[in-house]
Amino acid sequence: MIPKAERHHLWLQGLQKYTQRLQETPELIVEGRLSRMVGLTLEAEGCRAAIGSLCAVETPGAEQIMSEVVGFAGSKIYLMPVGDTHGLEPGCRVIPMGQNSLAKVGFGLLGRVINGSGEALDGKGMLDTDSKVPLSGTAINPLSRRPIREPLDVGVRAINAMLSVGRGQRMGLFAGTGVGKSVLLGMMTRFTKADIVVVGLIGERGREVNEFVHKILGEEGLKRAVVVASPADDSPLMRVHGALLATSIAEYFRDQGKDVLLLMDSLTRYAQAYREIALAINEPPATKGYPPSVFAKLPALVERAGNGDVDSGSITAFYTVLTEGDDVNDPIADAARGVLDGHVVLSRQLAESGHYPAIDIESSISRVMPDIVASEHLKQARELKSLYSHYQQNRDLISVGAYQAGSEPRLDKAIAMQPFIMHFLQQDMDEALDLENSIAQLESTLNTSVES
């Protein structure tokens with residue numbers, strides 16, 4: 001099997017030869033004409049271009065609007081513009097560029113904020129990038145991946161102790177609106193023991209992008225981070241490119257032997273952007289308005305994260321999933337649970353009661369936790385979760401006074417331990433608790449004397 005680095009080198013060599021050939025023999029480039037625009041989709045006739053390749057659409061003012069081929073039907077090709085479409089009219093020239101989208105990467109991206117096209121948003125001058133990689137990534141043989149065997153310290157006690165995350169794991173952060181997911185992401189960005197942090201803010205409000213960079217992430221957190229921001233007012237293709245670019249940057253650093261933390265907010269907005277593209281080229285909707293191709297794109301993106309081979313680093317990824325109307329059975333949430341290695345569920349009820357982070361440990365799970373923690377730690381986490389769950393199941397009886405103390409010893413213990421458990425699960429947003437202290441405090445909480 002050809003090593004990944006060599007495959008990538010051969011791919012770039014082939015692209016360069018093809019581009020050079022087009023430059024030397026321009027007659028091979030067959031230009032087309034823009035025939036129709038429906039919504040955000042452009043239809044062109046008279047030219048040939050492969051899916052995923054770039055085309056330049058030239059306006060009457062001699063400006064070029066870059067577009068990507070997203071489909072075809074007969075002699076027509078469907079294009080999705082990357083940027084603004086003002087100035088387009090019927091008959092505009094469509095020029096195939098003969099190349100796929102590439103991501104500019106390098107250590108010069110650290111401390112920078114860029115958009116889905118890889119352009120700087122922070123006003124700090126030109127980006128210092130020394131390499132280009134395919135935006136769509138390169139598939140990894142699943143048998144060549146290193147297994148997840150090492151825990152990762154994320155600095156959040158409830159996750160460290162109860163939902164231990166492995167280095168190279170892919171977790172979902174399931175939350176409705178306004179329950180503290182951005183704050184929790186910010187905590188993990190600042191506190192996680194990782195070499196490099198890559199943050200993808202996809203489809204979020206522009207105000208939230210500014211707040212995350214300056215307030216939540218902060219100057220110190222930004223020094224070892226790369227932020228890719230594609231807010232809600234970007235085109236669907238730009239939002240998709242933002243998610244792919246963040247993943248490509250994380251892959252580049254992993255290939256350099258770095259341990260990377262990838263935070264993507266949100267996977268749902270990425271799926272919604274693909275839905276817009278698929279519906280625009282007349283793909284029929286299947287599940288709650290989502291075409292079938294959307295559910296194929298989710299694992300294609302998520303599988304790019306994780307551990308590399310023995311000579312590379314790792315990508316530990318957290319993907320936020322918006323549960324619309326707090327429905328955890330939303331089609332995207334349901335599909336995400338099937339391709340991720342665990343999920344952290346944020347509860348609106350806990351958030352409204354002032355419990356932060358609002359992690360519902362009863363509904364959350366880390367699938368790799370049994371493989372990365374000591375048996376005693378696993379036993380203690382299950383004991384605390386059992387006591388918490390037992391109390392929640394009988395909460396209504398307790399609150400109305402229908403339960404008589406002494407009727408069930410296990411429930412008596414759960415009631416007595418409830419204040420200590422709730423205190424253990426809460427944490428201030430500026431407070432970092434490492435893995436070792438989190439485990440020690442878990443043991444201390446379980447050993448708390450009921451009489452105290």
# chains A, B, ... in the order shown; residues from 1 in each chain; ligands from 1
$ residues_around --residues "Ile95 in chain A" --least-positions-apart "6" --cutoff "7 Å" --atoms "only C-alpha atoms" --output "list in words"
Glu31, Gly32, Cys55, Ala56 and Val57 of chain A
$ residues_around --residues "Asn437 in chain A" --least-positions-apart "3" --cutoff "10 Å" --atoms "only C-alpha atoms" --output "NGL selection string"
:A and (155 or 157 or 160-161 or 433-434 or 440-443)
$ write_last_selection --atoms "N, CA and C atoms" --output "tab-separated table (two decimals), in the first residue's frame"
chain	number	residue	atom	x	y	z
A	155	GLY	N	-10.02	19.49	30.93
A	155	GLY	CA	-10.14	20.55	31.91
A	155	GLY	C	-11.53	20.75	32.48
A	157	ARG	N	-14.40	18.96	34.75
A	157	ARG	CA	-14.47	17.86	35.72
A	157	ARG	C	-15.52	16.81	35.34
A	160	ASN	N	-14.09	14.85	32.36
A	160	ASN	CA	-12.90	14.08	32.74
A	160	ASN	C	-13.25	12.86	33.59
A	161	ALA	N	-14.13	13.05	34.56
A	161	ALA	CA	-14.41	11.99	35.52
A	161	ALA	C	-15.51	11.04	35.06
A	433	LEU	N	-9.94	22.16	35.82
A	433	LEU	CA	-9.70	21.02	36.69
A	433	LEU	C	-9.10	19.89	35.86
A	434	ASP	N	-7.87	19.52	36.16
A	434	ASP	CA	-7.21	18.51	35.34
A	434	ASP	C	-7.75	17.12	35.61
A	440	ALA	N	-9.73	12.31	41.52
A	440	ALA	CA	-9.61	12.35	42.98
A	440	ALA	C	-10.88	12.93	43.61
A	441	GLN	N	-11.46	13.96	43.00
A	441	GLN	CA	-12.68	14.55	43.54
A	441	GLN	C	-13.89	13.65	43.35
A	442	LEU	N	-13.88	12.83	42.31
A	442	LEU	CA	-14.93	11.83	42.14
A	442	LEU	C	-14.91	10.85	43.30
A	443	GLU	N	-13.74	10.34	43.62
A	443	GLU	CA	-13.60	9.41	44.74
A	443	GLU	C	-13.98	10.08	46.06
$ closest_residue --among "A:Met37, A:Val154, A:Ala62, A:Ile202" --to "Ser230 in chain A" --atoms "only C-alpha atoms"
A:Ile202
$ residues_around --residues "range 354-361 of chain A" --least-positions-apart "4" --cutoff "8 Å" --atoms "only C-alpha atoms" --output "MDAnalysis selection string"
chainID A and resid 158 162:163 179:180 184 344:348 350 365 385 425:428
$ write_last_selection --atoms "N, CA and C atoms" --output "short mmCIF file (atom, residue, chain, number, x, y, z; two decimals), in the first residue's frame"
data_model
loop_
_atom_site.label_atom_id
_atom_site.label_comp_id
_atom_site.auth_asym_id
_atom_site.auth_seq_id
_atom_site.Cartn_x
_atom_site.Cartn_y
_atom_site.Cartn_z
N ALA A 158 -16.72 17.25 34.95
CA ALA A 158 -17.79 16.30 34.65
C ALA A 158 -17.42 15.40 33.48
N MET A 162 -16.57 11.59 34.45
CA MET A 162 -17.75 10.77 34.13
C MET A 162 -17.83 10.33 32.68
N LEU A 163 -17.21 11.09 31.78
CA LEU A 163 -17.30 10.81 30.34
C LEU A 163 -15.91 10.92 29.72
N VAL A 179 -28.17 26.91 25.88
CA VAL A 179 -27.92 26.08 27.07
C VAL A 179 -26.43 26.02 27.42
N GLY A 180 -25.61 26.85 26.78
CA GLY A 180 -24.21 26.96 27.19
C GLY A 180 -23.21 26.15 26.40
N LEU A 184 -19.05 26.04 26.98
CA LEU A 184 -18.37 24.76 27.22
C LEU A 184 -17.26 24.54 26.19
N VAL A 344 -22.16 14.03 24.45
CA VAL A 344 -22.41 14.78 25.68
C VAL A 344 -23.69 15.57 25.46
N VAL A 345 -24.70 15.32 26.28
CA VAL A 345 -25.99 15.97 26.12
C VAL A 345 -26.12 17.10 27.14
N LEU A 346 -26.44 18.30 26.66
CA LEU A 346 -26.69 19.44 27.54
C LEU A 346 -28.18 19.58 27.76
N SER A 347 -28.59 19.72 29.01
CA SER A 347 -30.00 19.75 29.39
C SER A 347 -30.48 21.18 29.60
N ARG A 348 -31.61 21.52 28.97
CA ARG A 348 -32.20 22.85 29.18
C ARG A 348 -32.71 23.00 30.61
N LEU A 350 -31.44 21.68 33.33
CA LEU A 350 -30.30 21.99 34.20
C LEU A 350 -29.84 23.43 34.00
N ILE A 365 -22.73 9.60 27.09
CA ILE A 365 -21.89 8.39 27.13
C ILE A 365 -20.61 8.61 26.34
N LYS A 385 -23.13 7.77 38.66
CA LYS A 385 -24.19 7.89 37.66
C LYS A 385 -25.45 7.14 38.10
N LEU A 425 -20.67 18.08 39.87
CA LEU A 425 -20.90 18.19 38.43
C LEU A 425 -20.87 19.63 37.93
N GLN A 426 -20.86 20.61 38.81
CA GLN A 426 -20.83 22.00 38.40
C GLN A 426 -19.40 22.55 38.44
N GLN A 427 -19.17 23.57 37.60
CA GLN A 427 -17.83 24.14 37.50
C GLN A 427 -17.92 25.53 36.91
N ASP A 428 -17.14 26.45 37.45
CA ASP A 428 -17.10 27.81 36.94
C ASP A 428 -16.36 27.83 35.60
#
$ residues_around --residues "Ser75 in chain A" --least-positions-apart "6" --cutoff "9 Å" --atoms "only C-alpha atoms" --output "PyMOL selection string"
chain A and resi 44-48
$ atom_distance --atom1 "CA of Gly61 in chain A" --atom2 "CA of Arg33 in chain A"
15.6 Å
$ select_by_dssp --residues "range 76-180 of chain A" --states "strand (DSSP E or B)" --output "PyMOL selection string"
chain A and resi 76-81+93-100+102-105+113-114+120+131-134+151-152+165-166+170-175
$ residues_around --residues "Pro299 in chain A" --least-positions-apart "4" --cutoff "10 Å" --atoms "only C-alpha atoms" --output "list in words"
Val294, Phe295, Glu303, Arg304, Ala335, Ala336, Gly338, Val339 and Leu340 of chain A
$ select_by_dssp --residues "range 183-388 of chain A" --states "helix (DSSP H, G or I)" --output "JSON, numbers by chain"
{"A": [183, 184, 185, 186, 187, 188, 189, 190, 191, 206, 207, 208, 209, 210, 211, 212, 213, 214, 215, 216, 217, 218, 219, 220, 221, 222, 236, 237, 238, 239, 240, 241, 242, 243, 244, 245, 246, 247, 248, 249, 250, 251, 252, 253, 254, 255, 267, 268, 269, 270, 271, 272, 273, 274, 275, 276, 277, 278, 279, 280, 292, 293, 294, 295, 296, 297, 298, 299, 300, 301, 302, 324, 325, 326, 331, 332, 333, 334, 335, 336, 337, 338, 339, 348, 349, 350, 351, 352, 369, 370, 371, 372, 375, 376, 377, 378, 379, 380, 381, 382, 383, 384, 385, 386, 387, 388]}
$ closest_residue --among "A:Leu263, A:Val133, A:Leu322, A:Ala50" --to "Gly178 in chain A" --atoms "only C-alpha atoms"
A:Leu322
$ closest_residue --among "A:Met429, A:Ala232, A:Leu387, A:Ala333" --to "Leu411 in chain A" --atoms "only C-alpha atoms"
A:Leu387
